[in-house]
$ cat upload-v7.cif   # mmCIF, C-alpha atoms
data_run
loop_
_atom_site.label_atom_id
_atom_site.label_comp_id
_atom_site.auth_asym_id
_atom_site.auth_seq_id
_atom_site.Cartn_x
_atom_site.Cartn_y
_atom_site.Cartn_z
CA MET A 1 0.00 0.00 0.00
CA ILE A 2 1.55 3.23 -1.10
CA ALA A 3 0.13 6.44 0.23
CA THR A 4 2.26 8.85 -1.72
CA LEU A 5 2.21 9.78 -5.32
CA LEU A 6 4.76 7.98 -7.39
CA LEU A 7 3.76 9.30 -10.75
CA VAL A 8 7.35 10.08 -11.55
CA HIS A 9 8.01 6.37 -11.49
CA LEU A 10 5.00 5.34 -13.47
CA PRO A 11 6.23 2.00 -14.81
CA ALA A 12 7.60 0.94 -11.46
CA VAL A 13 4.27 1.46 -9.72
CA LEU A 14 2.50 -1.25 -11.61
CA ALA A 15 5.46 -3.58 -11.69
CA VAL A 16 6.46 -3.46 -8.04
CA ALA A 17 3.68 -2.20 -5.84
CA SER A 18 0.81 -4.41 -6.84
CA HIS A 19 -0.49 -6.58 -9.58
CA PRO A 20 -3.99 -5.40 -10.37
CA SER A 21 -6.16 -7.57 -12.47
CA THR A 22 -6.73 -6.85 -16.12
CA VAL A 23 -10.35 -5.97 -15.56
CA ASP A 24 -9.48 -3.41 -12.92
CA VAL A 25 -6.82 -1.84 -15.09
CA SER A 26 -9.03 -1.61 -18.14
CA VAL A 27 -12.02 -0.23 -16.23
CA PHE A 28 -9.80 2.32 -14.54
CA ALA A 29 -8.23 3.37 -17.84
CA VAL A 30 -11.57 3.79 -19.59
CA ALA A 31 -13.14 5.64 -16.65
CA SER A 32 -10.15 7.95 -16.28
CA ALA A 33 -10.18 8.72 -19.99
CA ILE A 34 -13.90 9.53 -19.75
CA VAL A 35 -13.34 11.76 -16.73
CA LEU A 36 -10.50 13.72 -18.26
CA ALA A 37 -12.09 13.99 -21.69
CA GLY A 38 -15.28 15.26 -20.10
CA GLY A 39 -13.33 17.81 -18.07
CA VAL A 40 -11.57 19.12 -21.14
CA GLY A 41 -14.91 19.16 -22.94
CA VAL A 42 -16.47 21.35 -20.25
CA VAL A 43 -13.68 23.87 -20.65
CA VAL A 44 -13.55 24.02 -24.44
CA ALA A 45 -17.23 23.61 -25.33
CA ARG A 46 -18.59 26.76 -26.88
CA ASN A 47 -22.22 25.97 -26.22
CA PRO A 48 -23.19 25.88 -22.51
CA VAL A 49 -25.53 22.96 -23.17
CA HIS A 50 -22.65 20.93 -24.56
CA ALA A 51 -20.58 21.88 -21.53
CA ALA A 52 -23.34 20.57 -19.26
CA LEU A 53 -23.47 17.28 -21.16
CA MET A 54 -19.70 16.96 -20.91
CA LEU A 55 -20.08 17.55 -17.19
CA VAL A 56 -22.50 14.61 -17.05
CA MET A 57 -19.84 12.48 -18.75
CA THR A 58 -17.26 13.45 -16.17
CA LEU A 59 -19.65 12.75 -13.30
CA PHE A 60 -20.42 9.28 -14.63
CA GLY A 61 -16.72 8.57 -14.95
CA VAL A 62 -16.14 9.63 -11.36
CA ALA A 63 -19.01 7.38 -10.30
CA VAL A 64 -17.33 4.46 -12.04
CA LEU A 65 -14.12 5.27 -10.20
CA PHE A 66 -16.11 5.24 -6.95
CA VAL A 67 -17.48 1.80 -7.74
CA LEU A 68 -13.99 0.61 -8.54
CA GLN A 69 -12.99 1.57 -4.99
CA ARG A 70 -15.87 -0.36 -3.41
CA ASP A 71 -17.80 2.79 -2.67
CA ASP A 72 -21.21 1.83 -3.96
CA PHE A 73 -23.42 4.24 -2.06
CA LEU A 74 -21.55 7.36 -3.06
CA ALA A 75 -21.49 6.22 -6.67
CA ALA A 76 -25.27 5.94 -6.64
CA VAL A 77 -25.62 9.30 -4.90
CA GLN A 78 -23.20 10.81 -7.39
CA VAL A 79 -25.33 9.72 -10.32
CA ILE A 80 -28.64 10.63 -8.68
CA VAL A 81 -27.72 13.96 -7.14
CA TYR A 82 -25.12 15.27 -9.53
CA ALA A 83 -26.17 13.92 -12.89
CA GLY A 84 -29.84 13.78 -12.00
CA ALA A 85 -30.38 17.00 -10.11
CA ILE A 86 -27.52 19.45 -10.39
CA VAL A 87 -26.89 19.13 -14.11
CA VAL A 88 -30.62 19.23 -14.78
CA LEU A 89 -30.73 22.43 -12.75
CA PHE A 90 -27.90 23.79 -14.89
CA LEU A 91 -29.74 22.86 -18.07
CA PHE A 92 -32.95 24.34 -16.74
CA VAL A 93 -31.28 27.66 -16.02
CA ILE A 94 -29.54 27.65 -19.40
CA MET A 95 -32.83 27.09 -21.17
CA PHE A 96 -34.67 29.51 -18.90
CA LEU A 97 -32.25 32.35 -19.52
CA GLY A 98 -31.87 31.56 -23.20
CA VAL A 99 -28.09 31.73 -23.12
CA ASP A 100 -27.64 28.55 -25.11
CA LYS A 101 -25.96 30.23 -28.01
CA GLU A 102 -22.48 29.67 -29.22
CA GLU A 103 -19.83 31.72 -27.57
CA ASN A 104 -16.91 32.92 -29.60
CA LEU A 105 -13.93 31.61 -27.72
CA ARG A 106 -11.41 33.22 -30.03
CA VAL A 107 -12.08 36.66 -28.66
CA GLU A 108 -9.76 37.34 -25.80
CA PRO A 109 -10.99 40.26 -23.73
CA LEU A 110 -7.89 40.46 -21.59
CA ARG A 111 -4.84 40.21 -23.75
CA GLY A 112 -2.56 37.42 -22.65
CA GLN A 113 -4.83 36.22 -19.86
CA ARG A 114 -5.42 32.76 -21.25
CA PRO A 115 -1.79 31.70 -21.69
CA VAL A 116 -1.03 32.96 -18.20
CA ALA A 117 -4.03 31.09 -16.79
CA VAL A 118 -3.06 27.85 -18.50
CA ALA A 119 0.56 28.23 -17.41
CA LEU A 120 -0.47 28.86 -13.81
CA GLY A 121 -2.81 25.89 -13.84
CA LEU A 122 -0.16 23.59 -15.20
CA LEU A 123 2.34 24.94 -12.71
CA ALA A 124 -0.07 24.18 -9.88
CA LEU A 125 -0.61 20.68 -11.27
CA VAL A 126 3.10 19.95 -11.51
CA GLY A 127 3.64 21.37 -8.04
CA THR A 128 0.90 19.16 -6.63
CA LEU A 129 2.30 16.05 -8.26
CA VAL A 130 5.85 16.77 -7.13
CA LEU A 131 4.77 17.58 -3.58
CA GLY A 132 2.61 14.49 -3.46
CA SER A 133 5.40 12.26 -4.66
CA VAL A 134 8.13 13.47 -2.32
CA SER A 135 6.29 14.09 0.93
CA HIS A 136 4.06 12.14 3.29
CA TRP A 137 0.67 13.71 3.69
CA THR A 138 -0.87 11.16 6.03
CA THR A 139 -0.27 11.59 9.71
CA GLY A 140 -0.87 8.02 10.80
CA ALA A 141 -3.53 9.02 13.32
CA HIS A 142 -6.17 6.45 14.08
CA ALA A 143 -9.57 6.70 12.52
CA VAL A 144 -12.35 7.94 14.74
CA SER A 145 -15.19 6.89 12.50
CA GLY A 146 -14.49 3.26 11.87
CA PRO A 147 -12.97 1.17 9.11
CA ALA A 148 -14.14 1.35 5.54
CA ASP A 149 -14.12 -2.34 4.71
CA ALA A 150 -15.58 -4.01 7.75
CA PRO A 151 -18.23 -6.69 7.10
CA GLY A 152 -21.72 -5.37 6.60
CA GLY A 153 -21.32 -3.49 3.40
CA ASN A 154 -20.56 0.03 2.42
CA VAL A 155 -24.07 1.41 2.88
CA ALA A 156 -24.45 0.05 6.39
CA LEU A 157 -21.06 1.36 7.45
CA LEU A 158 -21.69 4.78 6.00
CA GLY A 159 -25.14 4.99 7.52
CA ARG A 160 -23.90 3.95 10.94
CA SER A 161 -21.17 6.54 10.82
CA VAL A 162 -23.46 9.32 9.63
CA PHE A 163 -26.06 8.64 12.30
CA THR A 164 -23.65 8.23 15.19
CA THR A 165 -20.34 10.00 14.84
CA TYR A 166 -21.49 12.63 12.39
CA LEU A 167 -25.03 13.10 13.64
CA PHE A 168 -24.74 16.80 14.43
CA PRO A 169 -23.21 17.75 11.05
CA PHE A 170 -25.93 15.70 9.42
CA GLU A 171 -28.61 17.73 11.15
CA VAL A 172 -26.87 20.98 10.35
CA THR A 173 -27.06 19.82 6.75
CA ALA A 174 -30.84 19.89 6.97
CA ALA A 175 -30.75 23.53 8.05
CA LEU A 176 -28.36 24.29 5.21
CA LEU A 177 -30.72 22.79 2.66
CA VAL A 178 -33.66 24.74 4.01
CA ILE A 179 -31.65 27.95 3.87
CA ALA A 180 -30.62 27.18 0.30
CA VAL A 181 -34.21 26.57 -0.79
CA VAL A 182 -35.43 29.79 0.84
CA GLY A 183 -32.53 31.73 -0.63
CA ALA A 184 -33.14 30.40 -4.11
CA VAL A 185 -36.82 31.29 -3.92
CA VAL A 186 -36.07 34.81 -2.69
CA LEU A 187 -33.35 35.36 -5.29
CA ALA A 188 -35.28 34.04 -8.25
CA ARG A 189 -38.55 35.70 -7.28
CA ARG A 190 -39.84 38.18 -9.80
CA PRO A 191 -39.41 41.66 -8.33
CA PRO A 192 -42.63 43.64 -7.83
CA ALA A 193 -43.44 45.98 -10.67
CA THR A 194 -42.61 49.60 -10.12
CA ARG A 195 -45.37 52.13 -10.10
CA PRO A 196 -45.85 54.35 -13.17
CA GLU A 197 -43.75 57.46 -12.76
CA GLY A 198 -45.06 61.01 -12.99
CA SER A 199 -48.53 60.34 -11.60
CA PRO A 200 -49.61 62.63 -8.73
CA GLY A 201 -50.68 59.71 -6.63
CA ALA A 202 -47.18 58.30 -6.75
CA ALA A 203 -45.68 61.41 -5.18
CA ALA A 204 -48.12 61.36 -2.32
CA MET A 205 -47.72 57.71 -1.62
CA PRO A 206 -45.04 57.34 1.07
CA VAL A 207 -47.48 58.24 3.85
CA PRO A 208 -47.42 55.37 6.29
CA GLY A 209 -50.69 53.73 6.96
CA SER A 210 -52.17 54.32 3.54
CA GLY A 211 -51.97 50.75 2.45
CA GLU A 212 -51.80 50.55 -1.28
CA GLY A 213 -51.24 46.92 -2.00
CA GLY A 214 -47.87 47.19 -3.67
CA ALA A 215 -48.45 44.35 -6.07
CA GLU A 216 -48.02 44.38 -9.78
CA ASP A 217 -51.63 44.81 -10.75
CA ALA A 218 -52.64 47.45 -8.24
CA ASP A 219 -54.30 50.20 -10.19
CA GLU A 220 -54.47 53.88 -9.35
CA GLY A 221 -57.86 53.69 -7.73
CA ALA A 222 -56.67 51.34 -5.06
CA PRO A 223 -54.86 53.77 -2.68
CA ALA A 224 -57.78 56.03 -1.85
CA ASP A 225 -60.12 53.13 -1.34
CA ALA A 226 -57.66 51.26 0.79
CA GLU A 227 -57.11 54.37 2.86
CA ALA A 228 -60.80 54.82 3.36
CA HIS A 229 -61.13 51.27 4.52
CA PRO A 230 -61.61 51.38 8.27
CA GLY A 231 -60.01 48.09 9.14
CA THR A 232 -56.46 48.67 7.98
CA GLY A 233 -55.08 49.53 11.41
CA ALA A 234 -52.10 51.61 12.39
CA GLY A 235 -49.64 49.76 10.20
CA GLU A 236 -46.48 49.10 12.14
CA PRO A 237 -43.64 48.30 9.77
CA ASP A 238 -42.49 44.71 9.94
CA GLY A 239 -39.21 45.50 8.26
CA THR A 240 -38.41 42.07 6.90
CA GLY A 241 -39.31 42.53 3.30
CA GLU A 242 -37.61 44.34 0.50
CA PRO A 243 -37.49 48.09 0.94
CA ASP A 244 -39.89 49.03 -1.78
CA THR A 245 -42.58 46.60 -0.77
CA ALA A 246 -42.14 46.76 2.98
CA GLU A 247 -43.25 50.34 3.26
CA LYS A 248 -46.38 49.70 1.28
CA ALA A 249 -47.33 46.44 2.87
CA PRO A 250 -47.78 47.19 6.58
CA ALA A 251 -51.29 48.53 6.55
CA ALA A 252 -52.80 45.45 5.06
CA ALA A 253 -50.22 43.37 6.86
CA GLY A 254 -51.60 44.62 10.14
CA ALA A 255 -55.03 43.63 9.01
CA ALA A 256 -53.75 40.24 7.96
CA GLY A 257 -52.22 39.56 11.32
CA ALA A 258 -48.60 40.71 10.81
CA THR A 259 -47.08 37.30 10.49
CA GLY A 260 -43.66 38.77 9.88
CA GLN A 261 -43.07 37.31 6.45
CA ALA A 262 -42.95 39.73 3.59
CA ALA A 263 -44.17 37.77 0.62
CA PRO A 264 -47.48 36.46 2.01
CA ASP A 265 -48.24 39.91 3.38
CA VAL A 266 -47.72 41.45 0.00
CA THR A 267 -50.08 38.98 -1.59
CA ASP A 268 -52.60 39.54 1.17
CA ALA A 269 -52.29 43.27 0.66
CA ALA A 270 -52.80 42.86 -3.06
CA GLN A 271 -55.87 40.76 -2.53
CA ALA A 272 -57.27 43.22 0.02
CA ALA A 273 -56.67 46.15 -2.30
CA GLU A 274 -58.34 44.38 -5.17
CA GLY A 275 -61.28 43.44 -3.04
CA VAL A 276 -61.72 47.00 -1.88
CA ALA A 277 -61.35 48.43 -5.36
CA ARG A 278 -64.15 46.26 -6.57
CA MET R 1 -4.93 -6.39 -5.84
CA THR R 2 -6.66 -3.26 -6.95
CA ILE R 3 -5.25 -0.23 -8.65
CA SER R 4 -2.78 1.73 -6.57
CA ALA R 5 -4.02 4.90 -4.96
CA ASP R 6 -1.43 6.96 -6.82
CA TRP R 7 -3.28 6.63 -10.08
CA TYR R 8 -6.52 7.87 -8.59
CA LEU R 9 -4.74 10.80 -7.00
CA GLY R 10 -3.08 11.62 -10.29
CA VAL R 11 -6.40 11.62 -12.13
CA ALA R 12 -7.90 13.80 -9.39
CA ALA R 13 -5.01 16.26 -9.63
CA VAL R 14 -5.34 16.53 -13.40
CA LEU R 15 -9.10 17.00 -13.10
CA PHE R 16 -8.58 19.74 -10.53
CA ALA R 17 -6.12 21.49 -12.83
CA ILE R 18 -8.61 21.30 -15.71
CA GLY R 19 -11.29 22.84 -13.50
CA THR R 20 -8.96 25.59 -12.36
CA ILE R 21 -7.92 26.49 -15.88
CA GLY R 22 -11.53 26.48 -17.02
CA LEU R 23 -12.54 28.75 -14.17
CA LEU R 24 -9.80 31.18 -15.09
CA VAL R 25 -10.34 31.08 -18.83
CA ARG R 26 -14.07 30.99 -19.39
CA ARG R 27 -16.29 34.05 -19.05
CA ASN R 28 -19.73 32.49 -19.04
CA VAL R 29 -20.86 32.34 -15.43
CA LEU R 30 -22.67 29.03 -15.92
CA VAL R 31 -19.60 27.36 -17.39
CA MET R 32 -17.54 28.76 -14.54
CA PHE R 33 -19.95 27.06 -12.15
CA MET R 34 -19.47 23.80 -14.00
CA CYS R 35 -15.70 24.15 -13.61
CA VAL R 36 -16.21 24.57 -9.87
CA GLU R 37 -18.15 21.31 -9.96
CA LEU R 38 -15.21 19.68 -11.69
CA MET R 39 -12.92 20.78 -8.87
CA LEU R 40 -15.38 19.53 -6.25
CA ASN R 41 -15.49 16.16 -7.98
CA SER R 42 -11.74 15.97 -8.02
CA ALA R 43 -11.70 16.61 -4.27
CA ASN R 44 -14.35 13.93 -3.81
CA LEU R 45 -12.26 11.45 -5.73
CA THR R 46 -9.30 12.24 -3.52
CA PHE R 47 -11.40 11.76 -0.39
CA VAL R 48 -12.71 8.40 -1.53
CA THR R 49 -9.23 7.26 -2.52
CA PHE R 50 -7.81 8.11 0.87
CA ALA R 51 -10.80 6.54 2.61
CA ARG R 52 -10.00 3.27 0.88
CA THR R 53 -6.24 3.60 1.29
CA LEU R 54 -6.30 4.48 4.98
CA ASN R 55 -9.32 2.24 5.70
CA ASP R 56 -11.32 5.06 7.23
CA ILE R 57 -15.02 5.61 6.57
CA GLY R 58 -14.65 9.29 7.47
CA GLY R 59 -13.52 10.18 3.99
CA GLN R 60 -16.69 8.79 2.48
CA VAL R 61 -18.83 10.60 5.03
CA LEU R 62 -17.06 13.80 4.10
CA VAL R 63 -17.83 13.19 0.43
CA PHE R 64 -21.47 12.82 1.44
CA PHE R 65 -21.41 16.25 3.06
CA VAL R 66 -19.56 17.75 0.12
CA LEU R 67 -22.35 16.54 -2.14
CA VAL R 68 -24.95 18.26 0.03
CA VAL R 69 -23.01 21.51 0.19
CA ALA R 70 -22.41 21.41 -3.56
CA ALA R 71 -26.12 21.01 -4.20
CA ALA R 72 -26.94 23.96 -1.94
CA GLU R 73 -24.19 26.04 -3.53
CA VAL R 74 -25.43 25.35 -7.03
CA VAL R 75 -29.01 26.22 -6.10
CA VAL R 76 -28.06 29.55 -4.55
CA GLY R 77 -25.52 30.34 -7.26
CA LEU R 78 -27.97 29.72 -10.06
CA GLY R 79 -30.53 31.84 -8.22
CA ILE R 80 -27.99 34.66 -8.17
CA VAL R 81 -27.34 34.15 -11.89
CA VAL R 82 -31.06 34.38 -12.62
CA ALA R 83 -31.37 37.53 -10.49
CA ILE R 84 -28.41 39.12 -12.25
CA PHE R 85 -29.73 38.13 -15.64
CA ARG R 86 -33.00 39.93 -14.88
CA ARG R 87 -31.13 43.22 -14.54
CA ARG R 88 -28.23 42.88 -16.94
CA ALA R 89 -29.54 40.45 -19.57
CA SER R 90 -26.18 38.76 -19.90
CA ALA R 91 -24.45 35.87 -18.22
CA THR R 92 -20.89 37.03 -18.78
CA ALA R 93 -18.60 37.76 -15.88
CA ASP R 94 -17.13 40.76 -17.66
CA ASP R 95 -20.38 42.65 -17.40
CA LEU R 96 -20.59 42.40 -13.63
CA HIS R 97 -18.95 45.65 -12.66
CA LEU R 98 -21.69 47.12 -10.53
CA MET R 99 -19.32 47.69 -7.62
CA LYS R 100 -16.67 49.39 -9.72
CA GLY R 101 -15.75 52.76 -8.28
#
$ encode --input "upload-v7.cif" --output "structure tokens"
Amino acid sequence: MIATLLLVHLPAVLAVASHPSTVDVSVFAVASAIVLAGGVGVVVARNPVHAALMLVMTLFGVAVLFVLQRDDFLAAVQVIVYAGAIVVLFLFVIMFLGVDKEENLRVEPLRGQRPVAVALGLLALVGTLVLGSVSHWTTGAHAVSGPADAPGGNVALLGRSVFTTYLFPFEVTAALLVIAVVGAVVLARRPPATRPEGSPGAAAMPVPGSGEGGAEDADEGAPADAEAHPGTGAGEPDGTGEPDTAEKAPAAAGAAGATGQAAPDVTDAAQAAEGVAR
Amino acid sequence: MTISADWYLGVAAVLFAIGTIGLLVRRNVLVMFMCVELMLNSANLTFVTFARTLNDIGGQVLVFFVLVVAAAEVVVGLGIVVAIFRRRASATADDLHLMKG
């Protein structure tokens, strides 16, 4: 078992260290070729859709390398999560934004940036290989989370470790996913339409308590009616929403119960304004 | 015997270099994200290789968490791209100079 990189002695590695079977060697060679070809394809593809498909190729190759190292669960998760979810998300955004047109890679906005970038990348690669081959990166400390090849299978071992040793990080992961979902919804939400400029009602609007609705389809007749509505309350600002909607929302938000969340209040305000206008 | 760990580490290093070069060279924000995914996969391959070599399940657990964080990162990053695209109508990193003095 060799823990250091010996890529400078490539022929000696296979001859001396171990004698892998022909199947292992061929599977590894094919999977590595797929991984590296896919990586190069991501970088040089002019069309973003082609780059995403090349990324799928790389991810499948990495999954095969996982299987080759007896890591079945992560290989399945790799295919399901990466190739099934993340790349589909990429493709969805590409199609949604309509940026799937060919990019001219010959134009170089910064003169001389590409050769320098490639040279630096190759320098980092060579440095990594040299450092890995001449130094010992492993400390020899004992594992705290158990062996990787004990009887019971990879899935059972991984599950036991996740739900005992790494239980707290696993639960923090749940919070992270919730935050990511909320953040994506807030970021990708369509911003509320701005009011038509130059109208006299727009200049007189920032009076607090005159709930206007603030939604996209609030017409000009809504403010006066909403102000005349007796049930709109004092309108304390909740302050959690975006600045342009938060100062319009509070009147109806107070009527709706002031739940503290901006988006439902805005929709409630819009519905209240529409109901009053009719 | 199986393949020596050195070969896996070499493939991971080359993949990381490809991702780095792509991140530096490309200007499309989406393709830059894909290059970040390449680098994350290279790190995952290194983790799994060391988990097998050192006989420690911790490396595989760490790959599990890296997958989760990568998914969250992609979701938020693509949300930012969509939000930027609404204002600027372009997905090129050169156009993002809103904070330029």
$ resolve_selection --input "upload-v7.cif" --expression "the PyMOL selection byres ((chain A) within 7 of (chain R))" --output "number ranges by chain"
A: 2-7, 18-21, 24-25, 32, 36, 39-40, 43, 48, 51, 69, 86, 114, 117-118, 121-122, 125, 143, 145-149, 158, 162, 177, 180, 183-184, 187-188
$ residues_around --input "upload-v7.cif" --residues "region 55-68 of chain A" --least-positions-apart "6" --cutoff "6 Å" --atoms "all atoms listed in the file" --output "MDAnalysis selection string"
chainID A and resid 31 34:35 38 75 83
$ atom_distance --input "upload-v7.cif" --atom1 "CA of Leu74 (chain A)" --atom2 "CA of Gly152 (chain A)"
16.0 Å
$ atom_distance --input "upload-v7.cif" --atom1 "CA of Met95 (chain A)" --atom2 "CA of Val49 (chain A)"
8.6 Å
$ closest_residue --input "upload-v7.cif" --among "A:Val27, A:Ala124, A:Asn47, A:Asp71" --to "Gly153 (chain A)" --atoms "all atoms listed in the file"
A:Asp71
$ atom_distance --input "upload-v7.cif" --atom1 "CA of Leu157 (chain A)" --atom2 "CA of Arg70 (chain A)"
12.2 Å
$ decode --input "upload-v7.cif" --residues "region 11-74 of chain A" --atoms "C-alpha atoms" --output "PDB file, in the first residue's frame"
ATOM      1  CA  PRO A  11       6.235   1.998 -14.809  1.00  0.00           C
ATOM      2  CA  ALA A  12       7.596   0.939 -11.463  1.00  0.00           C
ATOM      3  CA  VAL A  13       4.274   1.456  -9.715  1.00  0.00           C
ATOM      4  CA  LEU A  14       2.501  -1.253 -11.614  1.00  0.00           C
ATOM      5  CA  ALA A  15       5.461  -3.576 -11.694  1.00  0.00           C
ATOM      6  CA  VAL A  16       6.464  -3.464  -8.040  1.00  0.00           C
ATOM      7  CA  ALA A  17       3.683  -2.198  -5.837  1.00  0.00           C
ATOM      8  CA  SER A  18       0.815  -4.409  -6.841  1.00  0.00           C
ATOM      9  CA  HIS A  19      -0.491  -6.583  -9.583  1.00  0.00           C
ATOM     10  CA  PRO A  20      -3.985  -5.402 -10.375  1.00  0.00           C
ATOM     11  CA  SER A  21      -6.158  -7.573 -12.471  1.00  0.00           C
ATOM     12  CA  THR A  22      -6.726  -6.848 -16.119  1.00  0.00           C
ATOM     13  CA  VAL A  23     -10.352  -5.974 -15.556  1.00  0.00           C
ATOM     14  CA  ASP A  24      -9.476  -3.408 -12.924  1.00  0.00           C
ATOM     15  CA  VAL A  25      -6.818  -1.837 -15.090  1.00  0.00           C
ATOM     16  CA  SER A  26      -9.032  -1.613 -18.143  1.00  0.00           C
ATOM     17  CA  VAL A  27     -12.020  -0.231 -16.231  1.00  0.00           C
ATOM     18  CA  PHE A  28      -9.802   2.323 -14.542  1.00  0.00           C
ATOM     19  CA  ALA A  29      -8.229   3.370 -17.844  1.00  0.00           C
ATOM     20  CA  VAL A  30     -11.567   3.795 -19.586  1.00  0.00           C
ATOM     21  CA  ALA A  31     -13.145   5.641 -16.654  1.00  0.00           C
ATOM     22  CA  SER A  32     -10.154   7.945 -16.282  1.00  0.00           C
ATOM     23  CA  ALA A  33     -10.182   8.724 -19.989  1.00  0.00           C
ATOM     24  CA  ILE A  34     -13.899   9.533 -19.753  1.00  0.00           C
ATOM     25  CA  VAL A  35     -13.337  11.757 -16.729  1.00  0.00           C
ATOM     26  CA  LEU A  36     -10.499  13.723 -18.259  1.00  0.00           C
ATOM     27  CA  ALA A  37     -12.089  13.993 -21.693  1.00  0.00           C
ATOM     28  CA  GLY A  38     -15.281  15.261 -20.096  1.00  0.00           C
ATOM     29  CA  GLY A  39     -13.329  17.806 -18.072  1.00  0.00           C
ATOM     30  CA  VAL A  40     -11.574  19.117 -21.140  1.00  0.00           C
ATOM     31  CA  GLY A  41     -14.909  19.155 -22.942  1.00  0.00           C
ATOM     32  CA  VAL A  42     -16.468  21.348 -20.248  1.00  0.00           C
ATOM     33  CA  VAL A  43     -13.678  23.868 -20.652  1.00  0.00           C
ATOM     34  CA  VAL A  44     -13.549  24.017 -24.440  1.00  0.00           C
ATOM     35  CA  ALA A  45     -17.232  23.612 -25.330  1.00  0.00           C
ATOM     36  CA  ARG A  46     -18.594  26.763 -26.882  1.00  0.00           C
ATOM     37  CA  ASN A  47     -22.222  25.967 -26.221  1.00  0.00           C
ATOM     38  CA  PRO A  48     -23.195  25.882 -22.507  1.00  0.00           C
ATOM     39  CA  VAL A  49     -25.534  22.958 -23.166  1.00  0.00           C
ATOM     40  CA  HIS A  50     -22.654  20.934 -24.558  1.00  0.00           C
ATOM     41  CA  ALA A  51     -20.580  21.882 -21.534  1.00  0.00           C
ATOM     42  CA  ALA A  52     -23.340  20.575 -19.257  1.00  0.00           C
ATOM     43  CA  LEU A  53     -23.471  17.284 -21.156  1.00  0.00           C
ATOM     44  CA  MET A  54     -19.699  16.965 -20.910  1.00  0.00           C
ATOM     45  CA  LEU A  55     -20.079  17.552 -17.186  1.00  0.00           C
ATOM     46  CA  VAL A  56     -22.497  14.609 -17.050  1.00  0.00           C
ATOM     47  CA  MET A  57     -19.843  12.480 -18.747  1.00  0.00           C
ATOM     48  CA  THR A  58     -17.257  13.454 -16.165  1.00  0.00           C
ATOM     49  CA  LEU A  59     -19.654  12.747 -13.303  1.00  0.00           C
ATOM     50  CA  PHE A  60     -20.416   9.283 -14.634  1.00  0.00           C
ATOM     51  CA  GLY A  61     -16.722   8.569 -14.953  1.00  0.00           C
ATOM     52  CA  VAL A  62     -16.143   9.632 -11.362  1.00  0.00           C
ATOM     53  CA  ALA A  63     -19.011   7.382 -10.295  1.00  0.00           C
ATOM     54  CA  VAL A  64     -17.328   4.461 -12.040  1.00  0.00           C
ATOM     55  CA  LEU A  65     -14.117   5.265 -10.196  1.00  0.00           C
ATOM     56  CA  PHE A  66     -16.111   5.245  -6.948  1.00  0.00           C
ATOM     57  CA  VAL A  67     -17.484   1.801  -7.743  1.00  0.00           C
ATOM     58  CA  LEU A  68     -13.991   0.614  -8.544  1.00  0.00           C
ATOM     59  CA  GLN A  69     -12.987   1.575  -4.989  1.00  0.00           C
ATOM     60  CA  ARG A  70     -15.868  -0.363  -3.409  1.00  0.00           C
ATOM     61  CA  ASP A  71     -17.803   2.794  -2.667  1.00  0.00           C
ATOM     62  CA  ASP A  72     -21.209   1.825  -3.956  1.00  0.00           C
ATOM     63  CA  PHE A  73     -23.418   4.237  -2.056  1.00  0.00           C
ATOM     64  CA  LEU A  74     -21.553   7.365  -3.058  1.00  0.00           C
TER      65      LEU A  74
END
